[in-house]
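Have a look at the structure below before the remarks.
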Amino acid sequence: CACGSDVLEYRRAKLHRVLLDGAKHEFGSVQSLLVFGKSLVVLTSGPAGATHGRLAMLDIRDRIEGSGIQRSIELGKTSRKDRFPAVDRFSPTCFMHPDTYLNKVVVGSAEGVMDMVNLRSGEVVHRFQKFSAVPDGVGITCVEQSTAVDVVAIGFSDGHIVLHNLRLDASLMHFVHKGGAVSSISFRSDRGGPSAPVPFAMMTSASSTGELAVWDLDERRLASVVRDAHDGPISRASFLPNEPLLVTSGADNAIKVFIFDQDDGQARLLKLRQGHKAPPTCIRYYGGDTLSTLASGADASCCQILSAGRDRALRVFHTARDQLNRELSQGPLLKRSRVLDVKVEQLKLPPIVDFAATEARHRDWCNIISAHSGEGAAFTWSLENRVIGQNVLRPDGVGSDLTLKKLHADKVSLRAGKFPAVRCVGISACGNFGIVGTADGTIFKYNMQSGRPRGSFPSAADAKLSKEQKKAMRAKRRKLNPSSVQLLTNMDATDLANEDPIAAVQSHPSKHEGAVNGVGVDSLNTVLFSAGYDGTVRFWNFVEHKLESVVDLGSPVSKLVANRDAGIFAVALDDLRVVVFDATSRRAIRTFKGHTAAVTDMAISTDARWLATASNDTSLRIWDLPTARCIDWLEFPTPVTGLTFSPTGEFLATSFSDSVGITLWANRCHFGDARPDAIALRPIRLQAPSAAVPEDEERAFLHLDGGDELSEDDTGDEAQDRVEPASCDGQVCFAGSEPSKWYTLAHLELIKERNKPQEAPQKPEKAPFFLSTTQAVNPSFTATSGAAEAGTPAETEDAPPELAGAGDWSDDDDEEEEEEVTAPQSEAINEGMGMGSRILKSGAGLARPRSKLFQLLEHAHAEAQAARAQNEAGSSNYYYGAVVAHLATLSPSAVDFEIRNMTLGTIEDEDGAHLLSVALDWVLAELQARTNFELCQAILSRVLALHSELLVARPELQARLAPLQKAQDAAWKGLAAFSSIACACSRSSLTNSEQPLHPSLPPVGWDGPARPAGPWRRGVACMDALLARLALPLVVILDGGARAPTPLAPLTSSSSCRSVEA
């Protein structure tokens, strides 16, 4: 492919090599390419300021390194034996290879001169200067080979088409395509069939105005015209070989296929693939409200992107199947444009400035609402039917029952000019209500099914009537026909006759003092939040339409985006700040700074973990909401105009100000290829996005280490944007593993019970040791039946599975172990267990082989005790990092296996008691440090459930329960200090259960017989206190995958949640 002055070779969507580097070879911009055997012929305009173009031949054989330029020919100067004088100027525009002409190409120029050049010798074979009926100096725009040898069709910039015989240098036919320059010519090569014969010899021509002309070569006349085949110049039109199909492409970003299957030779549109004609300005993923993840059964709607652009179109793109891409219809515009003799674009609605969509009720009525530039009404769309709705949302209620025909005939949107322009729209989660914010600060609510107004914010009734008037109005309404009550709530038609609903709230003190630039509704339809140019965020009662609270930000708000499920929303301010609000507590929970120009768009991920912001400073930043860090920082040549996260969290879609396409970016943190604790210190500058990333640029996408120091070159804004990692001192922190891992460990028995197979496993059929084969070139095994043949070696038992961390059981290890054991121990082993026993007797009893987990745990425990002995006041160092890292690699079943095999299940198990005490000391250290909280709760839950009898029976273990209970109380009080715990990224409830964790232990509120006194009873009391804390479920789960330990305190907000102390 050619790009500017470069020629690139791609293989499997990756750049393979650069065939022609325009920076090294000054050939000018590439005009056209032609594959010529094992070479690639490149037509260029010549160096800057040159008057003659060039032909370059490149070797395209499969080599790692390109062989360079084979030949360079300067056009318009060299002639064969000086038969043709050199021309003063030769600006090449097109070229082609005539059939049966060996090593020859025909090159056309903008000066109207056409040369035949021999590629081997580099000389001009013949020059064509005179064409019948074509004025001198008219430029040649295209040259195409016809179905006849020696005959080519030549298109000119003034619309002339000449069929010229190259051998005779004579013109055979002449046509005129009125309306613009001829951009492409093609000949139909099929012969048709018995049912649909070819009516005549056919030639088609495409013009720069987007028109297709079909010519009858038999009668030398125009057969038919396809007007507005493309909205703009047609770049290429070509018949498929031996098919009645014409493929066209144009500047309107569309590829169309026309079929000629009619008797009169008329063409009709068969297939279409089209994108935006102008850069998109607003993009949003559709779906995710009810089907948020693929694991929960999300369908293909998660792959759809709604996009609105400057071309006045609302389109839906499918990221998996291109054939599902559609433009939502605005009615029979094509038919009406032909009647009015105008462009289709002139009949479309103005460009969309904002839109909102929801999955709910999409099969019942319209589920998309849009605001258009300068329009005083909002419009509805049906994604199910891919068409604009019949309801036009206007404050006066007129136009709610207009059909599409009336919409375009009466132009109802123009009559809405007396109302303020719509600036933003929103839609409720249930799909029943549409919210419209206007330029004068008023917000209207509409019914999406009927299109009727359902009140305003603030209410017009509150603005006009006093309490006595409202009371009299309600009394009067009881006597009225319900059909006479229209428009706004609490008002009737008699009092609202000839009244303007906008004027009713003009002087209301509760409304915004400027334009409303963002609206949203919570998931329960209880709170409506809005932001405007007056620099305030207002919270309204969705049902009563009353203002409940106002937050003054001190700067105008330009945009608002919300995550309805998480109950948060973000606003962009004109002072370049981005503020994140909690819709429940109605306060700001995060503030981000760093952009140096106005924010163009924002997006919040489905799990509310990340906030993406784009700005006119050409940067794109990803903010981590839990830690308030900028974890990614990209810069592009042009600004990003649209952002949206996929409902599954796998992709981020972007649109650019100079591109008509939508770019998808893979979330590397989702696929496990990024560091979750990274901090972006400086921008990563990228060129225009492509389908693949070169290998030498892949590291540009990796996040920088949070511990890197700023270099001397990092000054100014880059140094100010650095955010220090969040501190966990004095706060409960999480381990950062998968959110469901420790919850699964606590419910492992229930999961195993549900997954128990229905039928017993069947023993597979035995196979003989030696399998017979067939005698053939490729021998194969023959089928055998029955038992093994006589003489077959007896079956050996399967080797026991090798357990991870179980130690090496070879003879060498036995010798090493025997050498390390002292003489008295060796004698005791010989007497009690016999020579060669793998069970060693130590001072603590029988020491079993250690798995890797307990090897790490004992090593860390020994280091902690040594450090504690050296420093009586205690050491602040952390020694259990390797233990936690190893647990993160184990599955819940593997962790449960390790805990079960910690002891032998008997009270006399000295080694098991030792391992259990080491584990309890580790949990105690974690609780005192308030780290890895959910991991400790899950481990402690399984330990108490599996080894409760040993804990109660042994005094040394009972002594560890009291400090463990104290540390547990202190950790939970840190959480209970907040009446409701709600992270900005997710919400999880903490509940108490009345059931015990072990069948041998009574429930928490047990009122049975009194227990025996003494240490056993005190141990049981400590056990009850722990069990009350560890009632399932215990784990506070954060959505969003693995990440660094995250403190809870900065993320708390009021939310419906039950405290542990309740």
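Chains: A, B, ... in order of the structure tokens. Residues: from 1 per chain. Ligands: from 1, in order shown.
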
Discussion item. Just list as a ChimeraX atom specification whatever in segment 483-655 of chain A DSSP marks as helix (DSSP H, G or I).
Written reply: /A:483-484,503-505

May I have the residues from that selection written out with N, CA, C and O atoms, as a PDB file, in the first residue's frame?
ATOM      1  N   SER A 483     -59.027  13.472  30.240  1.00  0.00           N
ATOM      2  CA  SER A 483     -58.393  13.774  28.955  1.00  0.00           C
ATOM      3  C   SER A 483     -58.086  15.249  28.798  1.00  0.00           C
ATOM      4  O   SER A 483     -57.303  15.636  27.937  1.00  0.00           O
ATOM      5  N   SER A 484     -58.740  16.103  29.619  1.00  0.00           N
ATOM      6  CA  SER A 484     -58.472  17.535  29.508  1.00  0.00           C
ATOM      7  C   SER A 484     -57.224  17.951  30.258  1.00  0.00           C
ATOM      8  O   SER A 484     -56.766  19.082  30.119  1.00  0.00           O
ATOM      9  N   ALA A 503     -41.962  29.633  29.775  1.00  0.00           N
ATOM     10  CA  ALA A 503     -42.086  30.858  30.553  1.00  0.00           C
ATOM     11  C   ALA A 503     -42.518  30.592  31.986  1.00  0.00           C
ATOM     12  O   ALA A 503     -42.264  31.395  32.876  1.00  0.00           O
ATOM     13  N   ALA A 504     -43.134  29.429  32.234  1.00  0.00           N
ATOM     14  CA  ALA A 504     -43.619  29.120  33.580  1.00  0.00           C
ATOM     15  C   ALA A 504     -42.492  28.926  34.573  1.00  0.00           C
ATOM     16  O   ALA A 504     -42.670  29.115  35.767  1.00  0.00           O
ATOM     17  N   VAL A 505     -41.311  28.559  34.096  1.00  0.00           N
ATOM     18  CA  VAL A 505     -40.201  28.284  35.013  1.00  0.00           C
ATOM     19  C   VAL A 505     -39.013  29.219  34.761  1.00  0.00           C
ATOM     20  O   VAL A 505     -37.925  28.963  35.250  1.00  0.00           O
TER      21      VAL A 505
END

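Residues lying within 7 Å of Ala267 of chain A, counting only C-alpha atoms and ignoring same-chain neighbours fewer than 4 positions away, are Phe258, Ile259 and Phe260 of chain A.
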
Residue subset to file, keeping all heavy atoms, as a PDB file, in the first residue's frame:
ATOM      1  N   PHE A 258     -23.368  -3.004  -7.041  1.00  0.00           N
ATOM      2  CA  PHE A 258     -24.555  -2.876  -7.892  1.00  0.00           C
ATOM      3  C   PHE A 258     -24.646  -4.103  -8.782  1.00  0.00           C
ATOM      4  O   PHE A 258     -23.633  -4.608  -9.285  1.00  0.00           O
ATOM      5  CB  PHE A 258     -24.476  -1.606  -8.744  1.00  0.00           C
ATOM      6  CG  PHE A 258     -24.513  -0.329  -7.952  1.00  0.00           C
ATOM      7  CD1 PHE A 258     -23.336   0.259  -7.500  1.00  0.00           C
ATOM      8  CD2 PHE A 258     -25.711   0.288  -7.664  1.00  0.00           C
ATOM      9  CE1 PHE A 258     -23.347   1.433  -6.780  1.00  0.00           C
ATOM     10  CE2 PHE A 258     -25.739   1.475  -6.944  1.00  0.00           C
ATOM     11  CZ  PHE A 258     -24.561   2.044  -6.505  1.00  0.00           C
ATOM     12  N   ILE A 259     -25.856  -4.556  -8.992  1.00  0.00           N
ATOM     13  CA  ILE A 259     -26.093  -5.716  -9.841  1.00  0.00           C
ATOM     14  C   ILE A 259     -26.916  -5.295 -11.048  1.00  0.00           C
ATOM     15  O   ILE A 259     -27.871  -4.499 -10.931  1.00  0.00           O
ATOM     16  CB  ILE A 259     -26.797  -6.848  -9.055  1.00  0.00           C
ATOM     17  CG1 ILE A 259     -26.945  -8.088  -9.929  1.00  0.00           C
ATOM     18  CG2 ILE A 259     -28.131  -6.400  -8.486  1.00  0.00           C
ATOM     19  CD1 ILE A 259     -27.445  -9.316  -9.190  1.00  0.00           C
ATOM     20  N   PHE A 260     -26.553  -5.838 -12.214  1.00  0.00           N
ATOM     21  CA  PHE A 260     -27.261  -5.563 -13.466  1.00  0.00           C
ATOM     22  C   PHE A 260     -28.022  -6.841 -13.833  1.00  0.00           C
ATOM     23  O   PHE A 260     -27.514  -7.703 -14.548  1.00  0.00           O
ATOM     24  CB  PHE A 260     -26.283  -5.176 -14.572  1.00  0.00           C
ATOM     25  CG  PHE A 260     -25.586  -3.858 -14.338  1.00  0.00           C
ATOM     26  CD1 PHE A 260     -24.460  -3.790 -13.527  1.00  0.00           C
ATOM     27  CD2 PHE A 260     -26.071  -2.695 -14.909  1.00  0.00           C
ATOM     28  CE1 PHE A 260     -23.816  -2.598 -13.314  1.00  0.00           C
ATOM     29  CE2 PHE A 260     -25.418  -1.486 -14.695  1.00  0.00           C
ATOM     30  CZ  PHE A 260     -24.289  -1.429 -13.890  1.00  0.00           C
TER      31      PHE A 260
END

Worksheet entry | Selected residue, from A:Leu40, A:Val134, A:Val87, A:Ala531, that lies nearest to Asp59 of chain A when counting only C-alpha atoms | A:Leu40

Worksheet item: So how many Å separate atom CA of Asn563 of chain A and atom CA of Gly309 of chain A, to one decimal?
Response: 23.4 Å

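Within 8 Å of segment 855-870 of chain A, once only C-alpha atoms are used and residues closer than 4 positions along the same chain are dropped, the contacting residues are A:Arg850, A:Ser851, A:Gly874, A:Ser875, A:Tyr879, A:Tyr880, A:Ala882, A:Val883, A:Val918, A:Ala919, A:Asp921, A:Trp922.
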
Worksheet item: Excluding same-chain residues fewer than 6 positions from Arg338 of chain A, what lies within 10 Å of it counting only C-alpha atoms, as an MDAnalysis selection string?
Response: chainID A and resid 227:228 344

Worksheet item: So how far away is atom CA of Leu166 of chain A from atom CA of Trp215 of chain A, in Å?
Response: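 So the answer is 21.3 Å.
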